[in-house]
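Raw target-v7.pdb, PDB, C-alpha atoms:
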ATOM      1  CA  PHE A   1      -2.942   0.971 -18.896
ATOM      2  CA  VAL A   2      -0.728   3.572 -17.217
ATOM      3  CA  ARG A   3      -3.696   5.511 -15.805
ATOM      4  CA  ALA A   4      -5.261   2.360 -14.349
ATOM      5  CA  GLN A   5      -2.002   1.214 -12.783
ATOM      6  CA  THR A   6      -1.388   4.677 -11.342
ATOM      7  CA  ALA A   7      -4.856   4.831  -9.792
ATOM      8  CA  THR A   8      -4.363   1.384  -8.294
ATOM      9  CA  ALA A   9      -0.993   2.402  -6.833
ATOM     10  CA  LEU A  10      -2.496   5.593  -5.383
ATOM     11  CA  ASN A  11      -5.279   3.603  -3.728
ATOM     12  CA  PHE A  12      -2.699   1.255  -2.221
ATOM     13  CA  GLN A  13      -0.563   4.114  -0.899
ATOM     14  CA  LEU A  14      -3.594   5.848   0.624
ATOM     15  CA  THR A  15      -4.618   2.601   2.316
ATOM     16  CA  LEU A  16      -1.166   2.237   3.834
ATOM     17  CA  LEU A  17      -1.204   5.877   4.903
ATOM     18  CA  ILE A  18      -4.356   5.158   6.881
ATOM     19  CA  ALA A  19      -2.676   2.114   8.436
ATOM     20  CA  GLU A  20       0.329   4.217   9.435
ATOM     21  CA  VAL A  21      -1.841   6.922  11.002
ATOM     22  CA  VAL A  22      -3.620   4.236  13.016
ATOM     23  CA  GLY A  23      -0.218   2.818  13.955
ATOM     24  CA  TRP A  24       1.071   6.163  15.169
ATOM     25  CA  ALA A  25      -2.171   6.791  17.065
ATOM     26  CA  THR A  26      -1.840   3.451  18.864
ATOM     27  CA  SER A  27       1.920   3.585  19.354
ATOM     28  CA  TRP A  28       1.457   4.367  23.022
ATOM     29  CA  LEU A  29       0.004   0.840  23.317
ATOM     30  CA  LEU A  30       3.151  -0.534  21.640
ATOM     31  CA  ILE A  31       0.990  -2.416  19.100
ATOM     32  CA  GLY A  32       1.231   0.649  16.890
ATOM     33  CA  PHE A  33       4.920   0.042  16.265
ATOM     34  CA  VAL A  34       4.072  -3.416  14.924
ATOM     35  CA  ILE A  35       1.430  -1.900  12.634
ATOM     36  CA  ILE A  36       3.862   0.725  11.355
ATOM     37  CA  GLY A  37       6.579  -1.860  10.723
ATOM     38  CA  ALA A  38       4.159  -4.153   8.922
ATOM     39  CA  ALA A  39       2.933  -1.266   6.760
ATOM     40  CA  TYR A  40       6.491  -0.431   5.699
ATOM     41  CA  VAL A  41       7.289  -4.042   4.810
ATOM     42  CA  VAL A  42       4.009  -4.471   2.903
ATOM     43  CA  ARG A  43       4.634  -1.204   1.040
ATOM     44  CA  ILE A  44       8.086  -2.265  -0.121
ATOM     45  CA  VAL A  45       7.158  -5.831  -1.087
ATOM     46  CA  PHE A  46       3.948  -5.075  -2.975
ATOM     47  CA  SER A  47       5.417  -2.009  -4.689
ATOM     48  CA  ILE A  48       8.286  -4.068  -6.065
ATOM     49  CA  ILE A  49       5.905  -6.794  -7.244
ATOM     50  CA  ALA A  50       3.670  -4.203  -8.922
ATOM     51  CA  ALA A  51       6.625  -2.502 -10.609
ATOM     52  CA  VAL A  52       7.855  -5.778 -12.060
ATOM     53  CA  LYS A  53       4.374  -6.709 -13.321
ATOM     54  CA  ALA A  54       3.814  -3.266 -14.850
ATOM     55  CA  ASN A  55       7.215  -3.400 -16.529
ATOM     56  CA  GLN A  56       6.174  -6.692 -18.124
ATOM     57  CA  GLY A  57       2.924  -5.102 -19.313
ATOM     58  CA  GLU A  58       0.749  -7.219 -17.024
ATOM     59  CA  TRP A  59      -2.170  -5.972 -14.946
ATOM     60  CA  TYR A  60      -1.594  -6.019 -11.198
ATOM     61  CA  THR A  61      -4.099  -5.465  -8.418
ATOM     62  CA  TYR A  62      -2.864  -4.903  -4.886
ATOM     63  CA  PRO A  63      -4.439  -7.423  -2.506
ATOM     64  CA  ILE A  64      -5.090  -4.928   0.310
ATOM     65  CA  ALA A  65      -6.205  -1.645  -1.189
ATOM     66  CA  ILE A  66      -9.325   0.370  -0.510
ATOM     67  CA  LYS A  67     -10.659   1.827  -3.743
ATOM     68  CA  PHE A  68     -10.650   5.633  -3.342
ATOM     69  CA  VAL A  69      -9.795   6.618  -6.928
ATOM     70  CA  SER A  70     -11.021   4.785  -9.994
TER      71      SER A  70
END

Could you write out this structure as structure tokens?
Amino acid sequence: FVRAQTATALNFQLTLLIAEVVGWATSWLLIGFVIIGAAYVVRIVFSIIAAVKANQGEWYTYPIAIKFVS
């Protein structure tokens, strides 16, 4: 259970890292700042939801995560 939840969390964090890199690359267009802000909000919200679910012993899958690690 712990290994699966950790892999899922890593995939989610890597996905958001990609979003932030794209945001910083497009920040000169000003749309990048919106992408970066959205990534931070999504990271906080979904991480809290996942932590609560894992604490309750329930399986949680992030809705926007590319599967890098299984």

Counting all atoms listed in the file, write as a PyMOL selection string all protein and nucleic acid residues lying at most 12 Å from (-11.7, 0.4, 0.8) in the file's frame.
chain A and resi 8+11-16+18-19+62-70

When the PyMOL selection byres ((chain A and resi 38-48) around 9) is applied to the structure above, which residues does it catch, written out as a ChimeraX atom specification?
/A:9,12-13,16-17,19-20,23,33-37,49-53,62-63

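Atom to atom, CA of Val21 (chain A) and CA of Arg3 (chain A) stand 26.9 Å apart.
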
Report, in Å to a single decimal, how far apart CA of Ala54 (chain A) and CA of Leu10 (chain A) are.
14.4 Å

From CA of Glu58 (chain A) to CA of Phe1 (chain A) the spacing works out at 9.2 Å

Draw an axis-aligned box tight on the listed atoms of region 33-44 of chain A, then pad every side by 3 Å and write out centre and edge lengths in Å to one decimal as AutoDock Vina command-line options.
--center_x 4.8 --center_y -1.9 --center_z 8.1 --size_x 12.7 --size_y 11.2 --size_z 22.4
